[in-house]
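A.B. asks: What follows is start_10.tsv, TSV, N, CA and C atoms.
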```
chain	number	residue	atom	x	y	z
A	1	MET	N	18.08	-20.51	-0.03
A	1	MET	CA	18.10	-19.95	1.32
A	1	MET	C	18.29	-18.44	1.23
A	2	ALA	N	17.48	-17.71	1.93
A	2	ALA	CA	17.54	-16.25	1.90
A	2	ALA	C	18.71	-15.75	2.73
A	3	SER	N	19.36	-14.71	2.23
A	3	SER	CA	20.46	-14.11	2.98
A	3	SER	C	19.90	-13.27	4.13
A	4	ILE	N	20.79	-12.86	5.00
A	4	ILE	CA	20.38	-12.03	6.13
A	4	ILE	C	19.80	-10.71	5.63
A	5	ALA	N	20.42	-10.13	4.58
A	5	ALA	CA	19.93	-8.86	4.03
A	5	ALA	C	18.52	-9.02	3.47
A	6	GLU	N	18.26	-10.13	2.76
A	6	GLU	CA	16.93	-10.36	2.21
A	6	GLU	C	15.91	-10.53	3.32
A	7	ALA	N	16.28	-11.25	4.38
A	7	ALA	CA	15.38	-11.44	5.51
A	7	ALA	C	15.10	-10.10	6.19
A	8	HIS	N	16.12	-9.25	6.31
A	8	HIS	CA	15.95	-7.92	6.90
A	8	HIS	C	14.98	-7.08	6.07
A	9	ARG	N	15.10	-7.14	4.76
A	9	ARG	CA	14.20	-6.39	3.87
A	9	ARG	C	12.77	-6.88	4.03
A	10	LYS	N	12.60	-8.19	4.05
A	10	LYS	CA	11.26	-8.76	4.18
A	10	LYS	C	10.63	-8.37	5.52
A	11	ASP	N	11.43	-8.41	6.59
A	11	ASP	CA	10.92	-8.03	7.91
A	11	ASP	C	10.55	-6.55	7.96
A	12	ALA	N	11.38	-5.70	7.34
A	12	ALA	CA	11.10	-4.26	7.32
A	12	ALA	C	9.80	-3.98	6.59
A	13	LEU	N	9.58	-4.67	5.46
A	13	LEU	CA	8.34	-4.49	4.71
A	13	LEU	C	7.15	-4.98	5.53
A	14	SER	N	7.29	-6.13	6.16
A	14	SER	CA	6.19	-6.67	6.97
A	14	SER	C	5.79	-5.71	8.07
A	15	LEU	N	6.76	-5.16	8.77
A	15	LEU	CA	6.47	-4.22	9.85
A	15	LEU	C	5.76	-2.98	9.33
A	16	PHE	N	6.25	-2.43	8.22
A	16	PHE	CA	5.63	-1.25	7.63
A	16	PHE	C	4.20	-1.54	7.22
A	17	LEU	N	3.98	-2.68	6.56
A	17	LEU	CA	2.63	-3.01	6.10
A	17	LEU	C	1.68	-3.25	7.26
A	18	GLU	N	2.16	-3.85	8.34
A	18	GLU	CA	1.31	-4.05	9.52
A	18	GLU	C	0.82	-2.70	10.04
A	19	GLN	N	1.70	-1.72	10.06
A	19	GLN	CA	1.33	-0.38	10.53
A	19	GLN	C	0.29	0.25	9.61
A	20	ARG	N	0.50	0.11	8.29
A	20	ARG	CA	-0.44	0.73	7.34
A	20	ARG	C	-1.80	0.04	7.38
A	21	VAL	N	-1.82	-1.27	7.55
A	21	VAL	CA	-3.09	-1.98	7.66
A	21	VAL	C	-3.84	-1.51	8.91
A	22	ALA	N	-3.11	-1.29	9.99
A	22	ALA	CA	-3.73	-0.78	11.22
A	22	ALA	C	-4.30	0.62	11.01
A	23	GLU	N	-3.74	1.37	10.06
A	23	GLU	CA	-4.23	2.72	9.74
A	23	GLU	C	-5.41	2.69	8.77
A	24	GLY	N	-5.77	1.51	8.28
A	24	GLY	CA	-6.94	1.41	7.41
A	24	GLY	C	-6.63	1.12	5.95
A	25	PHE	N	-5.42	0.71	5.64
A	25	PHE	CA	-5.08	0.35	4.27
A	25	PHE	C	-5.26	-1.14	4.06
A	26	ARG	N	-5.36	-1.53	2.80
A	26	ARG	CA	-5.41	-2.95	2.46
A	26	ARG	C	-4.28	-3.23	1.48
A	27	ILE	N	-3.79	-4.44	1.49
A	27	ILE	CA	-2.69	-4.84	0.62
A	27	ILE	C	-3.27	-5.45	-0.64
A	28	GLU	N	-2.93	-4.87	-1.80
A	28	GLU	CA	-3.41	-5.40	-3.07
A	28	GLU	C	-2.48	-6.53	-3.56
A	29	THR	N	-1.19	-6.28	-3.56
A	29	THR	CA	-0.21	-7.29	-3.96
A	29	THR	C	1.02	-7.15	-3.09
A	30	ARG	N	1.80	-8.23	-3.02
A	30	ARG	CA	3.00	-8.19	-2.19
A	30	ARG	C	4.01	-9.23	-2.64
A	31	THR	N	5.28	-8.82	-2.61
A	31	THR	CA	6.41	-9.74	-2.76
A	31	THR	C	7.26	-9.55	-1.51
A	32	ASP	N	8.46	-10.12	-1.50
A	32	ASP	CA	9.34	-9.96	-0.34
A	32	ASP	C	9.86	-8.54	-0.18
A	33	THR	N	9.92	-7.77	-1.28
A	33	THR	CA	10.52	-6.44	-1.22
A	33	THR	C	9.62	-5.31	-1.72
A	34	HIS	N	8.44	-5.63	-2.23
A	34	HIS	CA	7.54	-4.61	-2.78
A	34	HIS	C	6.10	-4.96	-2.44
A	35	ALA	N	5.26	-3.93	-2.40
A	35	ALA	CA	3.82	-4.14	-2.19
A	35	ALA	C	3.08	-2.96	-2.80
A	36	ILE	N	1.83	-3.19	-3.10
A	36	ILE	CA	0.93	-2.11	-3.51
A	36	ILE	C	-0.20	-2.12	-2.50
A	37	ILE	N	-0.44	-0.92	-1.92
A	37	ILE	CA	-1.50	-0.79	-0.94
A	37	ILE	C	-2.48	0.29	-1.37
A	38	ALA	N	-3.68	0.22	-0.82
A	38	ALA	CA	-4.72	1.22	-1.11
A	38	ALA	C	-5.56	1.39	0.13
A	39	PRO	N	-6.19	2.55	0.27
A	39	PRO	CA	-7.09	2.71	1.41
A	39	PRO	C	-8.21	1.66	1.36
A	40	ALA	N	-8.60	1.18	2.51
A	40	ALA	CA	-9.71	0.24	2.56
A	40	ALA	C	-10.96	0.95	2.07
A	41	VAL	N	-11.93	0.21	1.66
A	41	VAL	CA	-13.16	0.79	1.15
A	41	VAL	C	-13.78	1.66	2.24
A	42	GLU	N	-14.06	2.87	1.87
A	42	GLU	CA	-14.62	3.82	2.82
A	42	GLU	C	-16.13	3.67	2.87
A	43	ARG	N	-16.68	4.06	4.00
A	43	ARG	CA	-18.14	4.09	4.09
A	43	ARG	C	-18.65	5.21	3.21
A	44	ARG	N	-19.72	4.98	2.55
A	44	ARG	CA	-20.30	5.99	1.65
A	44	ARG	C	-21.47	6.67	2.32
A	45	SER	N	-21.65	7.91	1.98
A	45	SER	CA	-22.78	8.66	2.50
A	45	SER	C	-23.73	8.97	1.36
A	46	LEU	N	-24.87	9.46	1.69
A	46	LEU	CA	-25.86	9.85	0.69
A	46	LEU	C	-25.31	10.94	-0.23
A	47	LEU	N	-24.48	11.82	0.31
A	47	LEU	CA	-23.91	12.90	-0.49
A	47	LEU	C	-22.95	12.40	-1.57
A	48	ASP	N	-22.41	11.20	-1.40
A	48	ASP	CA	-21.50	10.65	-2.41
A	48	ASP	C	-22.17	10.47	-3.77
A	49	VAL	N	-23.49	10.36	-3.77
A	49	VAL	CA	-24.23	10.23	-5.02
A	49	VAL	C	-24.01	11.46	-5.89
A	50	PHE	N	-23.82	12.62	-5.28
A	50	PHE	CA	-23.67	13.87	-6.01
A	50	PHE	C	-22.22	14.28	-6.26
A	51	ARG	N	-21.30	13.56	-5.68
A	51	ARG	CA	-19.88	13.89	-5.83
A	51	ARG	C	-19.25	13.12	-6.98
A	52	LYS	N	-18.20	13.70	-7.52
A	52	LYS	CA	-17.44	13.02	-8.56
A	52	LYS	C	-16.68	11.85	-7.93
A	53	PRO	N	-16.76	10.67	-8.52
A	53	PRO	CA	-16.04	9.54	-7.94
A	53	PRO	C	-14.53	9.79	-8.00
A	54	SER	N	-13.85	9.40	-6.97
A	54	SER	CA	-12.41	9.58	-6.94
A	54	SER	C	-11.73	8.23	-6.75
A	55	GLU	N	-10.57	8.11	-7.34
A	55	GLU	CA	-9.78	6.90	-7.18
A	55	GLU	C	-9.06	6.95	-5.84
A	56	PRO	N	-9.01	5.83	-5.12
A	56	PRO	CA	-8.26	5.84	-3.87
A	56	PRO	C	-6.77	6.03	-4.15
A	57	ALA	N	-6.09	6.63	-3.21
A	57	ALA	CA	-4.67	6.91	-3.36
A	57	ALA	C	-3.88	5.63	-3.12
A	58	ARG	N	-3.54	4.95	-4.20
A	58	ARG	CA	-2.75	3.72	-4.12
A	58	ARG	C	-1.28	4.09	-3.99
A	59	GLU	N	-0.50	3.24	-3.32
A	59	GLU	CA	0.92	3.47	-3.13
A	59	GLU	C	1.72	2.22	-3.44
A	60	VAL	N	2.91	2.42	-4.01
A	60	VAL	CA	3.88	1.35	-4.18
A	60	VAL	C	4.85	1.46	-3.01
A	61	ILE	N	5.00	0.39	-2.28
A	61	ILE	CA	5.91	0.35	-1.14
A	61	ILE	C	7.10	-0.52	-1.54
A	62	SER	N	8.30	-0.01	-1.33
A	62	SER	CA	9.49	-0.80	-1.65
A	62	SER	C	10.51	-0.68	-0.53
A	63	VAL	N	11.38	-1.68	-0.44
A	63	VAL	CA	12.43	-1.71	0.57
A	63	VAL	C	13.75	-1.85	-0.15
A	64	ASP	N	14.71	-0.93	0.13
A	64	ASP	CA	16.01	-1.01	-0.53
A	64	ASP	C	16.92	-2.00	0.19
A	65	VAL	N	18.13	-2.15	-0.30
A	65	VAL	CA	19.07	-3.15	0.25
A	65	VAL	C	19.47	-2.84	1.68
A	66	ASN	N	19.28	-1.60	2.13
A	66	ASN	CA	19.60	-1.22	3.51
A	66	ASN	C	18.41	-1.35	4.45
A	67	GLY	N	17.27	-1.80	3.94
A	67	GLY	CA	16.08	-1.97	4.76
A	67	GLY	C	15.25	-0.71	4.90
A	68	GLU	N	15.54	0.33	4.09
A	68	GLU	CA	14.77	1.57	4.13
A	68	GLU	C	13.50	1.41	3.30
A	69	VAL	N	12.38	1.72	3.90
A	69	VAL	CA	11.08	1.59	3.24
A	69	VAL	C	10.70	2.93	2.62
A	70	THR	N	10.25	2.89	1.37
A	70	THR	CA	9.78	4.09	0.70
A	70	THR	C	8.41	3.84	0.10
A	71	ALA	N	7.62	4.90	0.04
A	71	ALA	CA	6.29	4.83	-0.56
A	71	ALA	C	6.21	5.87	-1.65
A	72	SER	N	5.65	5.48	-2.79
A	72	SER	CA	5.46	6.42	-3.90
A	72	SER	C	4.09	6.16	-4.51
A	73	PRO	N	3.53	7.17	-5.19
A	73	PRO	CA	2.21	6.99	-5.78
A	73	PRO	C	2.22	5.86	-6.83
A	74	ALA	N	1.16	5.09	-6.84
A	74	ALA	CA	1.00	4.00	-7.81
A	74	ALA	C	0.17	4.50	-8.98
A	75	GLU	N	0.32	3.85	-10.10
A	75	GLU	CA	-0.52	4.15	-11.25
A	75	GLU	C	-1.97	3.84	-10.91
A	76	PRO	N	-2.89	4.62	-11.43
A	76	PRO	CA	-4.31	4.30	-11.19
A	76	PRO	C	-4.69	2.97	-11.83
A	77	LEU	N	-5.67	2.32	-11.27
A	77	LEU	CA	-6.16	1.07	-11.86
A	77	LEU	C	-6.77	1.37	-13.21
A	78	ARG	N	-6.50	0.52	-14.15
A	78	ARG	CA	-7.08	0.69	-15.49
A	78	ARG	C	-8.34	-0.15	-15.61
A	79	SER	N	-9.31	0.37	-16.32
A	79	SER	CA	-10.55	-0.39	-16.47
A	79	SER	C	-10.63	-1.06	-17.79
```
As structure tokens - that is how I would like this structure written.

C.D. replies:
Amino acid sequence: MASIAEAHRKDALSLFLEQRVAEGFRIETRTDTHAIIAPAVERRSLLDVFRKPSEPAREVISVDVNGEVTASPAEPLRS
């Protein structure tokens, strides 16, 4: 059975992720206290053929024991 603090952390993460998804992000992975998000696939234009490909800005989202949500840069995907 989850404690009240764990439930609070999970709810805080859910609320934050709902907001980010509404802003155009997608969730790559998620646990009760952590997630990795990335911008949703962007529409490409003809000019993108001439541009250097860029990695989307992935973020690690975490919630501390007080329910504070933090975002930090994630490692780039390895090929």

A.B. asks: To one decimal in Å, tell me the separation between atom C of Ala35 in chain A and CA of Val60 in chain A.

C.D. replies: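 These atoms are spaced 4.6 Å apart.
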
A.B. asks: Might you pull out every residue within 9 Å of Asp64 in chain A, with only C-alpha atoms counted and same-chain residues fewer than 3 positions away left off, and present them as a ChimeraX atom specification?

C.D. replies: /A:9,33,67-70

A.B. asks: Can you work out the spacing between CA of Ser3 in chain A and CA of Asp32 in chain A in Å, to one decimal?

C.D. replies: 12.3 Å

A.B. asks: Could you state the separation of atom N of Glu23 in chain A and atom C of Ala40 in chain A in Å, given to one decimal place?

C.D. replies: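 If I compute the distance from atom N of Glu23 in chain A to atom C of Ala40 in chain A, I get 10.8 Å.
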
A.B. asks: Nearest residue to Ile36 in chain A out of A:Val65, A:Glu6, A:Glu59, A:Ala74, using all atoms listed in the file?

C.D. replies: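 Counting all atoms listed in the file, the residue closest to Ile36 in chain A is A:Glu59.
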
A.B. asks: Give me, as a PyMOL selection string, all polymer residues having an atom no more than 12 Å from Val21 in chain A, counting only C-alpha atoms and skipping those fewer than 3 positions away in the same chain.

C.D. replies: chain A and resi 14-18+24-28+36-40

A.B. asks: Pick out the closest residue to Val41 in chain A from this set: A:Ser62, A:Ala57, A:Leu13, A:Glu75. Count only C-alpha atoms.

C.D. replies: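 Under the stated criterion, the closest residue is A:Ala57.
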
A.B. asks: Could you work out an axis-aligned box for range 32-38 of chain A, taking every atom the file lists and adding 6 Å on each side, and report centre and edge lengths in Å to one decimal, as AutoDock Vina command-line options?

C.D. replies:
```
--center_x 2.5 --center_y -4.4 --center_z -1.7 --size_x 28.1 --size_y 23.5 --size_z 15.6
```
